[in-house]
$ cat my_file-v9.cif   # mmCIF, C-alpha atoms
data_run
#
loop_
_atom_site.group_PDB
_atom_site.id
_atom_site.type_symbol
_atom_site.label_atom_id
_atom_site.label_comp_id
_atom_site.auth_asym_id
_atom_site.auth_seq_id
_atom_site.Cartn_x
_atom_site.Cartn_y
_atom_site.Cartn_z
ATOM 1 C CA MET A 25 0.497 -27.707 19.363
ATOM 2 C CA ASN A 26 4.224 -28.611 19.463
ATOM 3 C CA SER A 27 6.948 -25.977 19.262
ATOM 4 C CA GLY A 28 8.067 -26.968 15.764
ATOM 5 C CA ARG A 29 4.637 -26.504 14.258
ATOM 6 C CA ARG A 30 4.126 -23.284 16.218
ATOM 7 C CA ILE A 31 7.395 -21.866 14.855
ATOM 8 C CA ALA A 32 6.573 -22.989 11.309
ATOM 9 C CA GLU A 33 3.146 -21.328 11.368
ATOM 10 C CA GLY A 34 4.621 -18.229 12.957
ATOM 11 C CA GLY A 35 7.288 -18.051 10.242
ATOM 12 C CA ALA A 36 4.693 -18.367 7.475
ATOM 13 C CA LEU A 37 2.542 -15.637 9.000
ATOM 14 C CA LEU A 38 5.590 -13.415 9.474
ATOM 15 C CA ALA A 39 6.434 -13.848 5.798
ATOM 16 C CA LEU A 40 2.854 -12.934 4.897
ATOM 17 C CA TYR A 41 3.020 -9.841 7.091
ATOM 18 C CA CYS A 42 6.338 -8.756 5.565
ATOM 19 C CA ILE A 43 4.854 -8.998 2.057
ATOM 20 C CA LEU A 44 1.797 -6.975 3.078
ATOM 21 C CA LEU A 45 3.946 -4.374 4.843
ATOM 22 C CA PHE A 46 6.299 -4.039 1.869
ATOM 23 C CA ILE A 47 3.351 -3.392 -0.470
ATOM 24 C CA THR A 48 1.781 -0.955 2.015
ATOM 25 C CA ILE A 49 4.977 1.097 2.307
ATOM 26 C CA HIS A 50 6.372 0.963 -1.225
ATOM 27 C CA VAL A 51 3.302 0.601 -3.507
ATOM 28 C CA PRO A 52 1.125 3.673 -2.832
ATOM 29 C CA LEU A 53 -2.156 2.773 -4.578
ATOM 30 C CA MET A 54 -2.195 -0.925 -3.725
ATOM 31 C CA GLY A 55 -0.838 -0.109 -0.291
ATOM 32 C CA THR A 56 -4.046 1.665 0.673
ATOM 33 C CA ILE A 57 -5.795 -1.709 0.286
ATOM 34 C CA THR A 58 -3.168 -3.938 1.916
ATOM 35 C CA LEU A 59 -3.097 -1.548 4.908
ATOM 36 C CA PHE A 60 -6.355 -3.066 6.154
ATOM 37 C CA PHE A 61 -4.937 -6.600 5.849
ATOM 38 C CA LEU A 62 -1.906 -5.910 8.071
ATOM 39 C CA PRO A 63 -3.590 -7.065 11.327
ATOM 40 C CA THR A 64 -4.797 -10.346 9.748
ATOM 41 C CA PRO A 65 -1.574 -12.371 10.353
ATOM 42 C CA PHE A 66 -1.639 -11.241 13.993
ATOM 43 C CA ILE A 67 -5.293 -12.257 14.286
ATOM 44 C CA LEU A 68 -4.562 -15.716 12.881
ATOM 45 C CA PHE A 69 -1.588 -16.177 15.206
ATOM 46 C CA ALA A 70 -3.366 -14.898 18.344
ATOM 47 C CA ILE A 71 -6.335 -17.203 17.726
ATOM 48 C CA LYS A 72 -4.118 -20.280 18.149
ATOM 49 C CA GLN A 73 -1.343 -19.115 20.457
ATOM 50 C CA LYS A 74 -1.066 -17.783 23.993
ATOM 51 C CA LEU A 75 -0.581 -14.091 24.659
ATOM 52 C CA SER A 76 3.105 -14.556 25.479
ATOM 53 C CA TRP A 77 3.779 -16.127 22.063
ATOM 54 C CA SER A 78 1.799 -13.346 20.373
ATOM 55 C CA LEU A 79 4.009 -10.738 22.061
ATOM 56 C CA VAL A 80 7.118 -12.554 20.806
ATOM 57 C CA TYR A 81 5.573 -12.606 17.328
ATOM 58 C CA LEU A 82 4.932 -8.855 17.544
ATOM 59 C CA PHE A 83 8.532 -8.215 18.670
ATOM 60 C CA ILE A 84 9.997 -10.178 15.743
ATOM 61 C CA ALA A 85 7.617 -8.439 13.314
ATOM 62 C CA SER A 86 8.834 -5.064 14.642
ATOM 63 C CA LEU A 87 12.463 -6.064 14.016
ATOM 64 C CA LEU A 88 11.641 -7.176 10.476
ATOM 65 C CA THR A 89 9.871 -3.864 9.921
ATOM 66 C CA LEU A 90 13.213 -2.088 10.354
ATOM 67 C CA LEU A 91 14.578 -4.110 7.434
ATOM 68 C CA ILE A 92 11.564 -3.552 5.163
ATOM 69 C CA GLY A 93 10.926 0.085 5.937
ATOM 70 C CA SER A 94 12.491 2.283 8.586
ATOM 71 C CA ILE A 95 12.158 3.060 12.257
ATOM 72 C CA LEU A 96 9.210 5.306 11.332
ATOM 73 C CA SER A 97 7.322 2.190 10.161
ATOM 74 C CA VAL A 98 7.611 0.446 13.549
ATOM 75 C CA PRO A 99 4.670 2.377 15.116
ATOM 76 C CA LEU A 100 2.489 1.124 12.234
ATOM 77 C CA THR A 101 3.469 -2.472 12.991
ATOM 78 C CA LEU A 102 2.844 -1.986 16.720
ATOM 79 C CA LEU A 103 -0.550 -0.362 16.088
ATOM 80 C CA MET A 104 -1.775 -2.975 13.609
ATOM 81 C CA GLY A 105 -0.154 -5.808 15.536
ATOM 82 C CA VAL A 106 -1.717 -5.015 18.901
ATOM 83 C CA THR A 107 -5.101 -4.402 17.243
ATOM 84 C CA GLY A 108 -4.886 -7.789 15.521
ATOM 85 C CA MET A 109 -3.779 -9.498 18.747
ATOM 86 C CA VAL A 110 -6.769 -8.082 20.626
ATOM 87 C CA ILE A 111 -9.188 -9.284 17.930
ATOM 88 C CA GLY A 112 -7.540 -12.722 17.850
ATOM 89 C CA TYR A 113 -7.586 -12.993 21.643
ATOM 90 C CA CYS A 114 -11.301 -12.127 21.797
ATOM 91 C CA LEU A 115 -12.065 -14.739 19.116
ATOM 92 C CA ARG A 116 -9.912 -17.324 20.898
ATOM 93 C CA LYS A 117 -11.878 -16.742 24.114
ATOM 94 C CA ASP A 118 -15.205 -16.842 22.186
ATOM 95 C CA LYS A 119 -16.069 -13.286 23.149
ATOM 96 C CA PRO A 120 -19.080 -11.688 21.407
ATOM 97 C CA LEU A 121 -18.261 -9.921 18.166
ATOM 98 C CA VAL A 122 -19.374 -6.604 19.643
ATOM 99 C CA THR A 123 -16.851 -7.016 22.469
ATOM 100 C CA ALA A 124 -14.071 -7.784 19.977
ATOM 101 C CA PHE A 125 -15.016 -4.787 17.854
ATOM 102 C CA ILE A 126 -15.213 -2.302 20.738
ATOM 103 C CA SER A 127 -11.956 -3.613 22.246
ATOM 104 C CA ALA A 128 -10.202 -3.251 18.886
ATOM 105 C CA VAL A 129 -11.556 0.295 18.440
ATOM 106 C CA LEU A 130 -10.343 1.329 21.898
ATOM 107 C CA VAL A 131 -6.899 -0.176 21.294
ATOM 108 C CA PHE A 132 -6.613 1.412 17.844
ATOM 109 C CA LEU A 133 -7.782 4.782 19.185
ATOM 110 C CA GLY A 134 -5.352 4.656 22.114
ATOM 111 C CA GLY A 135 -2.498 3.641 19.845
ATOM 112 C CA THR A 136 -3.259 6.400 17.349
ATOM 113 C CA ILE A 137 -3.316 9.030 20.095
ATOM 114 C CA LEU A 138 -0.027 7.745 21.548
ATOM 115 C CA ILE A 139 1.649 7.795 18.132
ATOM 116 C CA TYR A 140 0.423 11.327 17.432
ATOM 117 C CA ALA A 141 1.399 12.562 20.899
ATOM 118 C CA GLY A 142 4.822 10.955 20.528
ATOM 119 C CA SER A 143 5.388 12.624 17.154
ATOM 120 C CA VAL A 144 4.447 16.016 18.631
ATOM 121 C CA LEU A 145 6.822 15.531 21.590
ATOM 122 C CA ILE A 146 9.722 14.411 19.382
ATOM 123 C CA THR A 147 9.354 17.026 16.633
ATOM 124 C CA ASN A 148 7.768 19.767 18.797
ATOM 125 C CA VAL A 149 5.285 20.374 15.964
ATOM 126 C CA ASN A 150 1.492 20.079 16.210
ATOM 127 C CA TYR A 151 0.801 18.802 12.718
ATOM 128 C CA ILE A 152 -2.964 19.230 12.944
ATOM 129 C CA GLU A 153 -2.744 22.888 13.967
ATOM 130 C CA LYS A 154 -0.117 23.527 11.309
ATOM 131 C CA ALA A 155 -2.250 21.881 8.615
ATOM 132 C CA LEU A 156 -5.342 23.881 9.634
ATOM 133 C CA ASP A 157 -3.337 27.121 9.607
ATOM 134 C CA MET A 158 -2.181 26.297 6.072
ATOM 135 C CA VAL A 159 -5.785 25.616 5.057
ATOM 136 C CA LYS A 160 -6.853 28.978 6.480
ATOM 137 C CA ALA A 161 -4.086 30.797 4.636
ATOM 138 C CA SER A 162 -4.795 29.067 1.313
ATOM 139 C CA ALA A 163 -8.563 29.606 1.680
ATOM 140 C CA GLU A 164 -8.133 33.342 2.150
ATOM 141 C CA LYS A 165 -6.232 33.858 -1.115
ATOM 142 C CA PRO A 166 -9.121 33.261 -3.563
ATOM 143 C CA VAL A 167 -11.397 35.419 -1.418
ATOM 144 C CA ASN A 168 -8.909 38.300 -1.404
ATOM 145 C CA ILE A 169 -8.592 38.329 -5.196
ATOM 146 C CA MET A 170 -12.353 38.495 -5.771
ATOM 147 C CA GLY A 171 -12.557 42.103 -6.794
ATOM 148 C CA SER A 172 -16.316 42.008 -7.339
ATOM 149 C CA LEU A 173 -16.927 41.450 -3.646
ATOM 150 C CA GLY A 174 -17.086 44.310 -1.230
ATOM 151 C CA GLN A 175 -14.923 44.428 1.876
ATOM 152 C CA ALA A 176 -17.890 43.482 4.087
ATOM 153 C CA GLN A 177 -18.689 40.424 1.978
ATOM 154 C CA ARG A 178 -15.060 39.310 1.937
ATOM 155 C CA ASP A 179 -14.820 39.635 5.702
ATOM 156 C CA GLU A 180 -18.050 37.665 6.139
ATOM 157 C CA ILE A 181 -16.814 34.827 3.892
ATOM 158 C CA LYS A 182 -13.475 34.750 5.724
ATOM 159 C CA THR A 183 -15.273 34.566 9.068
ATOM 160 C CA GLN A 184 -17.436 31.671 7.874
ATOM 161 C CA MET A 185 -14.382 29.778 6.592
ATOM 162 C CA HIS A 186 -12.517 30.354 9.856
ATOM 163 C CA ASP A 187 -15.537 29.206 11.878
ATOM 164 C CA PHE A 188 -15.765 26.031 9.777
ATOM 165 C CA ILE A 189 -12.051 25.273 10.239
ATOM 166 C CA ASP A 190 -12.250 26.024 13.974
ATOM 167 C CA MET A 191 -15.213 23.651 14.269
ATOM 168 C CA PHE A 192 -13.152 20.992 12.503
ATOM 169 C CA TYR A 193 -10.423 21.480 15.109
ATOM 170 C CA THR A 194 -12.974 21.347 17.939
ATOM 171 C CA LEU A 195 -14.348 18.062 16.600
ATOM 172 C CA MET A 196 -10.891 16.510 16.280
ATOM 173 C CA PRO A 197 -11.426 14.092 19.224
ATOM 174 C CA SER A 198 -14.662 12.838 17.625
ATOM 175 C CA LEU A 199 -12.957 12.511 14.248
ATOM 176 C CA PHE A 200 -10.244 10.396 15.873
ATOM 177 C CA VAL A 201 -12.962 8.132 17.299
ATOM 178 C CA LEU A 202 -14.812 7.850 13.979
ATOM 179 C CA MET A 203 -11.560 7.185 12.136
ATOM 180 C CA SER A 204 -10.795 4.363 14.579
ATOM 181 C CA VAL A 205 -14.286 2.893 14.163
ATOM 182 C CA LEU A 206 -14.014 2.954 10.356
ATOM 183 C CA MET A 207 -10.468 1.554 10.356
ATOM 184 C CA VAL A 208 -11.426 -1.360 12.600
ATOM 185 C CA LEU A 209 -14.532 -1.972 10.512
ATOM 186 C CA PHE A 210 -12.411 -2.248 7.341
ATOM 187 C CA ILE A 211 -9.938 -4.462 9.217
ATOM 188 C CA PHE A 212 -12.797 -6.801 10.151
ATOM 189 C CA LEU A 213 -14.074 -6.815 6.567
ATOM 190 C CA ALA A 214 -10.587 -7.597 5.246
ATOM 191 C CA ALA A 215 -9.996 -10.392 7.773
ATOM 192 C CA HIS A 216 -13.440 -11.992 7.410
ATOM 193 C CA PRO A 217 -12.910 -14.063 4.220
ATOM 194 C CA ILE A 218 -9.415 -15.128 5.327
ATOM 195 C CA LEU A 219 -10.589 -16.269 8.759
ATOM 196 C CA LYS A 220 -13.528 -18.053 7.154
ATOM 197 C CA ARG A 221 -11.090 -19.996 4.968
ATOM 198 C CA PHE A 222 -8.188 -20.670 7.343
ATOM 199 C CA SER A 223 -9.615 -20.551 10.876
ATOM 200 C CA VAL A 224 -12.413 -22.183 12.838
ATOM 201 C CA LYS A 225 -12.948 -18.865 14.666
ATOM 202 C CA ALA A 226 -14.781 -16.986 11.937
ATOM 203 C CA LEU A 227 -16.278 -13.537 12.350
ATOM 204 C CA ARG A 228 -20.024 -14.068 12.672
ATOM 205 C CA TRP A 229 -21.585 -10.858 11.482
ATOM 206 C CA PRO A 230 -25.096 -9.949 12.658
ATOM 207 C CA HIS A 231 -27.390 -8.376 10.085
ATOM 208 C CA PHE A 232 -27.163 -4.587 10.002
ATOM 209 C CA ARG A 233 -30.957 -4.447 10.010
ATOM 210 C CA ASP A 234 -30.958 -6.086 13.467
ATOM 211 C CA LEU A 235 -28.827 -3.361 15.030
ATOM 212 C CA ARG A 236 -30.509 -2.116 18.201
ATOM 213 C CA LEU A 237 -28.537 0.446 20.144
ATOM 214 C CA PRO A 238 -29.368 0.974 23.842
ATOM 215 C CA LYS A 239 -32.456 3.098 24.434
ATOM 216 C CA SER A 240 -30.492 5.110 26.989
ATOM 217 C CA LEU A 241 -28.615 6.569 24.020
ATOM 218 C CA LEU A 242 -31.718 8.625 23.219
ATOM 219 C CA TRP A 243 -31.698 10.212 26.683
ATOM 220 C CA TYR A 244 -28.005 11.037 26.379
ATOM 221 C CA TYR A 245 -28.747 12.605 23.004
ATOM 222 C CA LEU A 246 -31.609 14.751 24.332
ATOM 223 C CA ILE A 247 -29.661 15.866 27.414
ATOM 224 C CA THR A 248 -26.622 16.779 25.309
ATOM 225 C CA MET A 249 -28.865 18.693 22.886
ATOM 226 C CA LEU A 250 -30.296 20.733 25.776
ATOM 227 C CA LEU A 251 -26.804 21.401 27.102
ATOM 228 C CA ALA A 252 -25.693 22.549 23.654
ATOM 229 C CA LEU A 253 -28.669 24.922 23.432
ATOM 230 C CA PHE A 254 -28.698 26.427 26.913
ATOM 231 C CA VAL A 255 -25.177 26.168 28.326
ATOM 232 C CA ASN A 256 -23.419 29.336 27.230
ATOM 233 C CA THR A 257 -19.686 28.620 27.181
ATOM 234 C CA ASP A 258 -16.713 30.099 25.404
ATOM 235 C CA LYS A 259 -15.850 28.322 22.166
ATOM 236 C CA ASN A 260 -12.301 27.810 23.379
ATOM 237 C CA SER A 261 -13.343 26.215 26.671
ATOM 238 C CA TYR A 262 -13.065 22.508 27.447
ATOM 239 C CA VAL A 263 -16.783 22.393 28.361
ATOM 240 C CA TYR A 264 -17.764 23.597 24.884
ATOM 241 C CA MET A 265 -15.371 21.110 23.260
ATOM 242 C CA ALA A 266 -16.710 18.234 25.387
ATOM 243 C CA ILE A 267 -20.384 19.025 24.662
ATOM 244 C CA THR A 268 -19.746 19.533 20.935
ATOM 245 C CA ASN A 269 -17.822 16.273 20.562
ATOM 246 C CA LEU A 270 -20.330 14.283 22.607
ATOM 247 C CA PHE A 271 -23.215 15.670 20.557
ATOM 248 C CA PHE A 272 -21.392 14.856 17.311
ATOM 249 C CA ILE A 273 -20.732 11.240 18.368
ATOM 250 C CA LEU A 274 -24.323 10.747 19.561
ATOM 251 C CA GLN A 275 -25.645 12.155 16.285
ATOM 252 C CA PHE A 276 -23.510 9.626 14.442
ATOM 253 C CA PHE A 277 -25.004 6.713 16.413
ATOM 254 C CA ILE A 278 -28.558 8.033 16.015
ATOM 255 C CA LEU A 279 -27.926 8.281 12.258
ATOM 256 C CA LEU A 280 -26.610 4.715 12.294
ATOM 257 C CA GLN A 281 -29.806 3.561 13.993
ATOM 258 C CA GLY A 282 -31.858 5.354 11.343
ATOM 259 C CA TYR A 283 -30.047 3.520 8.551
ATOM 260 C CA SER A 284 -30.592 0.247 10.394
ATOM 261 C CA LEU A 285 -34.342 0.938 10.490
ATOM 262 C CA ILE A 286 -34.350 1.600 6.730
ATOM 263 C CA PHE A 287 -32.662 -1.772 6.127
ATOM 264 C CA TYR A 288 -35.173 -3.430 8.474
ATOM 265 C CA ILE A 289 -38.171 -1.902 6.671
ATOM 266 C CA ALA A 290 -36.713 -2.991 3.329
ATOM 267 C CA HIS A 291 -36.387 -6.550 4.650
ATOM 268 C CA VAL A 292 -39.916 -6.697 6.083
ATOM 269 C CA LYS A 293 -41.446 -5.148 2.968
ATOM 270 C CA SER A 294 -39.427 -7.489 0.708
ATOM 271 C CA TRP A 295 -37.820 -4.660 -1.212
ATOM 272 C CA ALA A 296 -34.987 -5.439 -3.574
ATOM 273 C CA LYS A 297 -31.736 -5.771 -1.595
ATOM 274 C CA ALA A 298 -30.173 -3.006 -3.665
ATOM 275 C CA VAL A 299 -32.735 -0.404 -2.547
ATOM 276 C CA PRO A 300 -31.477 0.244 1.022
ATOM 277 C CA VAL A 301 -27.869 0.004 -0.189
ATOM 278 C CA ILE A 302 -28.547 2.671 -2.833
ATOM 279 C CA ILE A 303 -30.234 4.874 -0.213
ATOM 280 C CA LEU A 304 -27.201 4.486 2.064
ATOM 281 C CA VAL A 305 -24.647 5.231 -0.664
ATOM 282 C CA VAL A 306 -26.538 8.188 -2.165
ATOM 283 C CA THR A 307 -27.186 9.857 1.198
ATOM 284 C CA LEU A 308 -23.537 9.423 2.207
ATOM 285 C CA LEU A 309 -22.234 10.796 -1.083
ATOM 286 C CA PHE A 310 -24.722 13.678 -1.077
ATOM 287 C CA PRO A 311 -25.319 14.453 2.621
ATOM 288 C CA LEU A 312 -28.066 17.034 2.256
ATOM 289 C CA PRO A 313 -29.068 18.416 5.684
ATOM 290 C CA ILE A 314 -32.783 17.700 5.197
ATOM 291 C CA ILE A 315 -32.142 14.047 4.247
ATOM 292 C CA THR A 316 -29.719 13.566 7.139
ATOM 293 C CA THR A 317 -32.288 15.079 9.500
ATOM 294 C CA VAL A 318 -34.993 12.681 8.255
ATOM 295 C CA ILE A 319 -32.753 9.626 8.743
ATOM 296 C CA ARG A 320 -31.735 10.845 12.190
ATOM 297 C CA PHE A 321 -35.435 11.323 13.018
ATOM 298 C CA LEU A 322 -36.049 7.693 11.999
ATOM 299 C CA GLY A 323 -33.265 6.666 14.370
ATOM 300 C CA ILE A 324 -34.875 8.605 17.219
ATOM 301 C CA MET A 325 -38.271 7.025 16.499
ATOM 302 C CA ASP A 326 -36.685 3.566 16.339
ATOM 303 C CA LEU A 327 -35.064 4.021 19.742
ATOM 304 C CA GLY A 328 -38.033 5.638 21.441
ATOM 305 C CA PHE A 329 -41.013 3.774 19.995
ATOM 306 C CA PRO A 330 -41.872 0.171 18.953
ATOM 307 C CA PHE A 331 -41.580 1.022 15.257
ATOM 308 C CA ARG A 332 -40.258 -2.362 14.226
ATOM 309 C CA GLU A 333 -43.085 -4.287 15.829
ATOM 310 C CA THR A 334 -45.554 -2.142 13.877
ATOM 311 C CA PHE A 335 -43.842 -2.873 10.565
ATOM 312 C CA ARG A 336 -43.524 -6.561 11.444
ATOM 313 C CA LYS A 337 -47.285 -6.828 12.000
ATOM 314 C CA LYS A 338 -48.110 -4.959 8.791
ATOM 315 C CA GLY A 339 -45.484 -6.903 6.849
#

$ encode --input "my_file-v9.cif" --output "structure tokens"
Amino acid sequence: MNSGRRIAEGGALLALYCILLFITIHVPLMGTITLFFLPTPFILFAIKQKLSWSLVYLFIASLLTLLIGSILSVPLTLLMGVTGMVIGYCLRKDKPLVTAFISAVLVFLGGTILIYAGSVLITNVNYIEKALDMVKASAEKPVNIMGSLGQAQRDEIKTQMHDFIDMFYTLMPSLFVLMSVLMVLFIFLAAHPILKRFSVKALRWPHFRDLRLPKSLLWYYLITMLLALFVNTDKNSYVYMAITNLFFILQFFILLQGYSLIFYIAHVKSWAKAVPVIILVVTLLFPLPIITTVIRFLGIMDLGFPFRETFRKKG
């Protein structure tokens, strides 16, 4: 591709990015949607151009961000830009979709942590701790004004609320990971129709029902469960935090495998396509512990036993 055409395409994609960024910053409701489209211009550019040109594109986009928003908006451009560049590079090199997805998640996670750490260093304020302290304080007020409750009951409710908030803080690393996974997933979904229309490097999605996580995941899950049950550590220790976060992440993947098995059974049994979708939506909106446990049990059975072969033969 000659330089003139490269510059023309880069200019058009920069204009597209500026429009998306302007809406994201200045139009609150619509901006929550356009946020997921921000990496798309970078993906389109990185698919066709070398890494050096993509870095130049990112630099110019960062300068334009100062004109559209402020210096506080530059980290957003860097985060979305680098994530889009990584996805575009993987597609340009014909890497498997899983590789592109995992690479994008790692980049997004690393960028998010760097941005948060930078904000804490600059302002000397831990926003997460401050927010949780505010939640604790606001949660105690309605309990204190409940005159019908005895002192023992009030103290018990306060303790339960504090334990829940402390657990939320303990699981913060896992929540960062899950947030990155979901963000990249929505970025892929947003970019898919655009890449399908304007690029030869489309995102080829495998069927969710064909998801097969490594069987070793089951062993990690069982070992972590035993550690959580028998290793007695202080709740403020790094060992407790590591075990809790690892167990939470593994539970998430086991649950994902359980949903995949439900979609597979629905396909083999020729159920209506809406049935597994309804099951997924309802169980996510109303996450009753017994239902979540059943789906997680299906995930364990799917990883440990040839469940799918059995359903394929019967189907």

$ closest_residue --input "my_file-v9.cif" --among "A:Phe210, A:Ala290, A:Gly135, A:Leu121" --to "A:Ile303" --atoms "only C-alpha atoms"
A:Ala290

$ closest_residue --input "my_file-v9.cif" --among "A:Thr64, A:Gln73, A:Thr194, A:Ser240" --to "A:Leu37" --atoms "all atoms listed in the file"
A:Thr64

$ closest_atom_pairs --input "my_file-v9.cif" --of "stretch 84-203 of chain A" --to "stretch 254-268 of chain A" --cutoff "12 Å" --atoms "only C-alpha atoms" --output "tab-separated table"
residue	atom	partner	partner_atom	distance
A:Asp187	CA	A:Lys259	CA	10.3
A:Asp190	CA	A:Lys259	CA	9.2
A:Met191	CA	A:Thr268	CA	9.1
A:Phe192	CA	A:Thr268	CA	10.8
A:Tyr193	CA	A:Met265	CA	9.5
A:Thr194	CA	A:Met265	CA	5.8
A:Leu195	CA	A:Thr268	CA	7.1
A:Met196	CA	A:Met265	CA	9.5
A:Pro197	CA	A:Met265	CA	9.0
A:Ser198	CA	A:Thr268	CA	9.0
A:Leu199	CA	A:Thr268	CA	11.8

$ axis_aligned_box --input "my_file-v9.cif" --around "stretch 79-90 of chain A" --padding-each-side "6 Å" --output "AutoDock Vina command-line options"
--center_x 8.6 --center_y -7.3 --center_z 16.0 --size_x 21.2 --size_y 22.5 --size_z 24.1

$ closest_residue --input "my_file-v9.cif" --among "A:Ile57, A:Ile71, A:Ile289, A:Ala161" --to "A:Gly112" --atoms "all atoms listed in the file"
A:Ile71

$ residues_around --input "my_file-v9.cif" --residues "stretch 125-132 of chain A" --least-positions-apart "3" --cutoff "9 Å" --atoms "all atoms listed in the file" --output "PyMOL selection string"
chain A and resi 103-104+106-111+114+120-122+135-137+201+204-209+212

$ atom_distance --input "my_file-v9.cif" --atom1 "atom CA of A:Leu38" --atom2 "atom CA of A:Thr56"
19.9 Å

$ atom_distance --input "my_file-v9.cif" --atom1 "atom CA of A:Ile189" --atom2 "atom CA of A:Leu156"
6.9 Å

$ residues_around --input "my_file-v9.cif" --residues "stretch 223-235 of chain A" --least-positions-apart "2" --cutoff "9 Å" --atoms "only C-alpha atoms" --output "PyMOL selection string"
chain A and resi 68+71+112+115-116+118+121+212+215-221+237+280-281+283-291
